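Quick notes on the structure that follows.
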Number of protein chains: 4
Amino acid sequence: MARHSTRTKVHDAVLSLAREGAIGSITMEGVAGRAGISKQTLYNSWSSTGEIIFDALLARSTDESGAVVIPDANDLGADLHDLATATIDELTSPDLEPLLRAVTAEIQHDAELARQYREQLLAPQLAAIADRFRRAGADDPDGLAELFAGPILHRWLLRTHTFDAEWVSAHVDRVIRATSHT
Amino acid sequence: MARHSTRTKVHDAVLSLAREGAIGSITMEGVAGRAGISKQTLYNSWSSTGEIIFDALLARSTDESGAVVIPDANDLGADLHDLATATIDELTSPDLEPLLRAVTAEIQHDAELARQYREQLLAPQLAAIADRFRRAGADDPDGLAELFAGPILHRWLLRTHTFDAEWVSAHVDRVIRATSHT
Amino acid sequence: MARHSTRTKVHDAVLSLAREGAIGSITMEGVAGRAGISKQTLYNSWSSTGEIIFDALLARSTDESGAVVIPDANDLGADLHDLATATIDELTSPDLEPLLRAVTAEIQHDAELARQYREQLLAPQLAAIADRFRRAGADDPDGLAELFAGPILHRWLLRTHTFDAEWVSAHVDRVIRATSHT
Amino acid sequence: MARHSTRTKVHDAVLSLAREGAIGSITMEGVAGRAGISKQTLYNSWSSTGEIIFDALLARSTDESGAVVIPDANDLGADLHDLATATIDELTSPDLEPLLRAVTAEIQHDAELARQYREQLLAPQLAAIADRFRRAGADDPDGLAELFAGPILHRWLLRTHTFDAEWVSAHVDRVIRATSHT
DNA sequence: TCTTAACCGAGACGGTACGTCCGGTCTTTTT
DNA sequence: AAAAAGACCGGACGTACCGTCTCGGTTAAGA
């Protein structure tokens, strides 16, 4: 419905607002103002800031590749280490972190947004990780993908500790130990 | 600063509002109205709804026990299973889930609240879980506690799947496999 | 400029909207929607709802007669009584009253519309009334026409009282008493 | 409910906006901005611009006198002439005219406002005029008050002609001719 | 008959104002 | 002295219309 130029303006606006830090300042009115569009035009296509941020994240992820790329160097440990590092880099990138935290907050209240987030962003990534385990001959690739991703989310979300290299290695070791084969 | 009766009224108000579903309807104004106190009195003791909810959760957890109890039946697998089940019951309790989700959402924006949550609610629980691993002679009890808790949070927060008994057993098995001894 | 069918559709739309009561709901957008035409087409021919309503009233008055007919039964009192009754019937007709009130309201702000209303609707009627006084040999027919019409407008506009038959007779009597001859 | 200082600020704001001409610029938002108060405070006490304008007019009329003063020099013609002149001066005063026209427009749509206007502003004035006729021994003072006021309203509202001294004299003469005594 | 220009529907768009809700602060009144 | 009551400023909410502006499709001429 919305013109392509409108979408672009909105994405740029939300990214620039997020970069300026004040996540709380991402309001419908603020985004409209920054994007130079009217509130009504904004509401025509998005019904909450959560949707806008999600849309911006989605556009960002599909623009660049279109598919999730998982390293496969025939060494499960090295691949998981690379994967963890890449994930952590995204989660802690100054540009992305505020947006990811904002979406995470909103999906606690908004079931529909949660569904979209799960299906369009999360599921492909988890499926790709599970695939890596499957290729390694693991028994329960989906469970292992969760075992791999869960603690990273835990640390990021609850800010219990920073992500140092040592922890990443130890985490990968633990997950590999948990891997069983028939 | 606030009288004890005020604290009680506020806790009751926030719990009753949460029980009515609309988590988003927990506002300073709404809580004051429901508790039958003035807004100013509310602001005297709490500066955001996040603080109020956290305070209510804290009161609830200290009222009942005062300390975190971890099962210890000399069978690590059985104990972890009990622990996971108890945790999941809390996370999905109709009364608590809305409050926990609301706090989780707010700590994404509020660093001070995040610190309090981490130190006063989360750390004791993680320490208790790590203790159970330590008693079982594990190498890195803290890492294992995180490995145990992370996927549960992942599933709850992102609502990827429900928590069925089968998954709990498989998860415990994976964590036990990851446990190494010197 | 507009096609005849467009004019008709617009007139029908504004009449039907007025009949539904909510005079305030007569908006450019609403008329366009009800008439099944685009907003641009509407703006091509009319620049405000006032103009549309005035145009509809004008079309109505020229459709039906083309000229103002004043009764002339050789009895000034009876003729004035008929005239007053006819005028009051128009002013209080369920179909017309909302439109007349809306135009009356708009000409308070819109000088150009006021001019059109005066010249195209009001002046002919006042001239016809003055003519009746002139035929009766009155000194100042225009002043008497105003004396006759003024109180009717006063009562209608300010809703001071309803128009009962008794009042009409008394009013006509007063106006006749005010009539002087050279 | 509203503080006295708030009322004063609002009245000043609406008068200053009206003096600047753009009657259409009298909006709730505009008045709040000019008065330096919040929109909510405005809505707490007035629910439309019509109410605000009416309140400002009412404050103005009650501040100065508290009662309607009608000239009584024992010469009905002279008194009516004075009265007409005073009324016309009010109706055409640069400060008041825009406000009076705005209220007149709004009471066409707002029955409740119309009632207040009638009872609190109009009725006392008409009663005072009727009293003057009664003192002169007229048969139907109320009808004559209407006969006197109606044409003035007619001329002002429909802007048919300006109010020159000659017309005022002729109008007073006509009304006096219409006066009958038992 | 064919074209060509005006008219038209549809609706996105930047704006302004609407009326409401809530966040915080402050003052007044009650207890 | 503390608290209820609530007025107040500010800012964002989501909606309704305003008037402008394309964009294709249709209609009614003139060539």
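Chain labels A, B, ... are given in the sequence in which chains occur in the structure tokens; within each chain residues are numbered consecutively from 1, and ligands are likewise numbered from 1 in the order shown.
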
Quick one: which chain B residues come within 10 Å of chain E, and what is the nearest atom pair for each with the distance in Å to one decimal, counting only C-alpha atoms (C1' of nucleotides), rows ordered by chain and ascending number, as CSV?
residue,atom,partner,partner_atom,distance
B:Thr27,CA,E:DC22,C1',7.5
B:Met28,CA,E:DC22,C1',8.0
B:Glu29,CA,E:DC22,C1',7.0
B:Gly30,CA,E:DC22,C1',9.2
B:Lys39,CA,E:DG24,C1',9.3
B:Gln40,CA,E:DT25,C1',8.9
B:Tyr43,CA,E:DG24,C1',8.6
B:Ser47,CA,E:DG24,C1',9.5
B:Ser48,CA,E:DG23,C1',9.6

* **Shell of 12 Å around Arg115 (chain B), only C-alpha atoms (C1' of nucleotides), local chain residues under 4 positions omitted, as a list in words** =>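 Here the answer would be Leu157, Leu158, Arg159, Thr160 and His161 of chain A; Glu51, Phe54, Glu106, Ile107, Gln108, His109, Asp110, Ala111, Glu119, Gln120, Leu121, Leu122 and Ala123 of chain B.
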
* **Å distance separating CA of Val69 (chain B) from CA of Gln125 (chain B), one decimal place** => 8.7 Å

* To do: Residues of chain F near chain C: apply a cut-off of 9 Å, count only C-alpha atoms (C1' of nucleotides), and supply the list as a ChimeraX atom specification.
  => /F:17-20

* Asked: How far is it from CA of Gly137 (chain C) to CA of Ala178 (chain D), in Å with one decimal?
  -> 17.3 Å

* Just how far from CA of Gln116 (chain A) is CA of His171 (chain A), in Å to one decimal? ->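 Separation of CA of His171 (chain A) and CA of Gln116 (chain A): 29.1 Å.
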
Give as a JSON list (two decimals) with N, CA and C atoms, in the first residue's frame every residue of chain B that touches chain A within 6 Å, counting only C-alpha atoms.
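See out-v4.json below for the written result:
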[["chain", "number", "residue", "atom", "x", "y", "z"],
["B", 101, "ARG", "N", 6.59, -11.00, 32.32],
["B", 101, "ARG", "CA", 6.80, -10.48, 30.97],
["B", 101, "ARG", "C", 6.94, -8.95, 31.01],
["B", 105, "ALA", "N", 10.16, -6.92, 29.83],
["B", 105, "ALA", "CA", 10.11, -5.86, 28.82],
["B", 105, "ALA", "C", 10.77, -4.58, 29.33],
["B", 108, "GLN", "N", 14.64, -4.04, 29.49],
["B", 108, "GLN", "CA", 15.34, -3.77, 28.24],
["B", 108, "GLN", "C", 15.65, -2.28, 28.10],
["B", 146, "GLU", "N", 23.80, -21.77, 33.55],
["B", 146, "GLU", "CA", 23.35, -20.97, 32.40],
["B", 146, "GLU", "C", 22.85, -21.87, 31.27],
["B", 147, "LEU", "N", 23.55, -22.95, 31.04],
["B", 147, "LEU", "CA", 23.15, -23.89, 29.99],
["B", 147, "LEU", "C", 21.79, -24.49, 30.30],
["B", 150, "GLY", "N", 19.18, -21.14, 30.21],
["B", 150, "GLY", "CA", 19.08, -20.43, 28.93],
["B", 150, "GLY", "C", 17.98, -20.93, 28.02],
["B", 151, "PRO", "N", 17.96, -22.20, 27.69],
["B", 151, "PRO", "CA", 16.93, -22.68, 26.77],
["B", 151, "PRO", "C", 15.51, -22.53, 27.31],
["B", 154, "HIS", "N", 14.67, -19.04, 26.60],
["B", 154, "HIS", "CA", 14.52, -18.91, 25.15],
["B", 154, "HIS", "C", 13.12, -19.31, 24.72],
["B", 174, "ARG", "N", 20.31, -33.49, 27.87],
["B", 174, "ARG", "CA", 21.36, -32.76, 27.16],
["B", 174, "ARG", "C", 22.30, -32.06, 28.15],
["B", 177, "ARG", "N", 24.54, -34.48, 29.80],
["B", 177, "ARG", "CA", 25.62, -34.92, 28.90],
["B", 177, "ARG", "C", 26.73, -33.89, 28.84],
["B", 178, "ALA", "N", 26.33, -32.61, 28.97],
["B", 178, "ALA", "CA", 27.33, -31.54, 28.88],
["B", 178, "ALA", "C", 28.18, -31.43, 30.15]]

* May I have the residues within 10 Å of Ile52 (chain C) as an MDAnalysis selection string, using only C-alpha atoms (C1' of nucleotides) and disregarding those fewer than 2 positions away in the same chain? => chainID C and resid 7 10:11 14 26 28 31 42 45:50 54:58 103

* Tell me, as a PyMOL selection string, which residues lie within 12 Å of DT31 (chain E), counting only C-alpha atoms (C1' of nucleotides); anything in the same chain fewer than 2 positions away does not count. => (chain E and resi 29) or (chain F and resi 1-4)

* With a distance cut-off of 12 Å and only C-alpha atoms (C1' of nucleotides), select the neighbouring residues of Thr87 (chain C), excluding the residue or stretch itself and same-chain residues fewer than 4 positions from it, and output the selection as a PyMOL selection string. => chain C and resi 68-70+80-83+91-93+96-97+125-126+129+148-149+152-153+156+163+168

Restricting it to N, CA and C atoms, dump the selection as an mmCIF file, in the first residue's frame.
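Produced file again-v3.cif, reproduced below:
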data_model
loop_
_atom_site.group_PDB
_atom_site.id
_atom_site.type_symbol
_atom_site.label_atom_id
_atom_site.label_comp_id
_atom_site.auth_asym_id
_atom_site.auth_seq_id
_atom_site.Cartn_x
_atom_site.Cartn_y
_atom_site.Cartn_z
ATOM 1 N N VAL C 68 -40.062 33.340 -7.672
ATOM 2 C CA VAL C 68 -40.718 33.425 -6.374
ATOM 3 C C VAL C 68 -42.169 33.847 -6.598
ATOM 4 N N VAL C 69 -43.035 33.084 -6.027
ATOM 5 C CA VAL C 69 -44.456 33.391 -6.183
ATOM 6 C C VAL C 69 -44.994 33.947 -4.862
ATOM 7 N N ILE C 70 -45.565 35.109 -4.972
ATOM 8 C CA ILE C 70 -46.135 35.737 -3.787
ATOM 9 C C ILE C 70 -47.655 35.757 -3.951
ATOM 10 N N LEU C 80 -50.130 38.143 3.649
ATOM 11 C CA LEU C 80 -48.969 38.082 4.532
ATOM 12 C C LEU C 80 -49.023 36.826 5.402
ATOM 13 N N HIS C 81 -50.220 36.509 5.811
ATOM 14 C CA HIS C 81 -50.372 35.296 6.620
ATOM 15 C C HIS C 81 -49.970 34.061 5.833
ATOM 16 N N ASP C 82 -50.432 33.977 4.604
ATOM 17 C CA ASP C 82 -50.035 32.839 3.764
ATOM 18 C C ASP C 82 -48.525 32.808 3.581
ATOM 19 N N LEU C 83 -47.973 33.980 3.325
ATOM 20 C CA LEU C 83 -46.543 34.084 3.065
ATOM 21 C C LEU C 83 -45.747 33.630 4.289
ATOM 22 N N LEU C 91 -38.680 26.804 6.506
ATOM 23 C CA LEU C 91 -37.623 26.883 7.518
ATOM 24 C C LEU C 91 -37.635 25.693 8.467
ATOM 25 N N THR C 92 -38.811 25.116 8.665
ATOM 26 C CA THR C 92 -38.898 24.027 9.636
ATOM 27 C C THR C 92 -39.103 22.667 8.978
ATOM 28 N N SER C 93 -39.025 22.625 7.649
ATOM 29 C CA SER C 93 -39.145 21.326 6.976
ATOM 30 C C SER C 93 -37.979 20.428 7.380
ATOM 31 N N LEU C 96 -35.204 20.484 4.858
ATOM 32 C CA LEU C 96 -34.484 21.726 4.572
ATOM 33 C C LEU C 96 -33.809 22.344 5.781
ATOM 34 N N GLU C 97 -34.441 22.236 6.939
ATOM 35 C CA GLU C 97 -33.919 22.961 8.087
ATOM 36 C C GLU C 97 -32.431 22.729 8.337
ATOM 37 N N GLN C 125 -36.476 36.959 -2.813
ATOM 38 C CA GLN C 125 -37.605 36.776 -1.908
ATOM 39 C C GLN C 125 -38.009 38.090 -1.249
ATOM 40 N N LEU C 126 -36.974 38.831 -0.769
ATOM 41 C CA LEU C 126 -37.292 40.104 -0.134
ATOM 42 C C LEU C 126 -37.928 41.064 -1.141
ATOM 43 N N ILE C 129 -41.532 40.196 -1.581
ATOM 44 C CA ILE C 129 -42.352 40.637 -0.451
ATOM 45 C C ILE C 129 -42.566 42.152 -0.514
ATOM 46 N N PHE C 148 -41.180 42.484 8.263
ATOM 47 C CA PHE C 148 -41.956 41.245 8.204
ATOM 48 C C PHE C 148 -41.049 40.027 8.396
ATOM 49 N N ALA C 149 -39.914 40.024 7.696
ATOM 50 C CA ALA C 149 -39.043 38.839 7.709
ATOM 51 C C ALA C 149 -38.191 38.746 8.968
ATOM 52 N N ILE C 152 -39.351 36.697 12.020
ATOM 53 C CA ILE C 152 -39.418 35.261 11.714
ATOM 54 C C ILE C 152 -38.022 34.652 11.809
ATOM 55 N N LEU C 153 -37.055 35.345 11.214
ATOM 56 C CA LEU C 153 -35.674 34.871 11.298
ATOM 57 C C LEU C 153 -35.219 34.812 12.752
ATOM 58 N N TRP C 156 -36.573 31.813 14.476
ATOM 59 C CA TRP C 156 -36.050 30.552 13.943
ATOM 60 C C TRP C 156 -34.586 30.375 14.352
ATOM 61 N N PHE C 163 -43.298 28.291 16.305
ATOM 62 C CA PHE C 163 -44.159 29.145 15.476
ATOM 63 C C PHE C 163 -45.603 28.659 15.543
ATOM 64 N N VAL C 168 -48.307 33.932 14.447
ATOM 65 C CA VAL C 168 -48.257 34.397 13.064
ATOM 66 C C VAL C 168 -49.291 35.504 12.855
#

* Just list the residues in region 7-131 of chain D DSSP gives alpha helix (DSSP H) on the backbone, as a ChimeraX atom specification. => /D:7-19,28-35,39-45,49-64,76-92,96-106,111-117,123-131
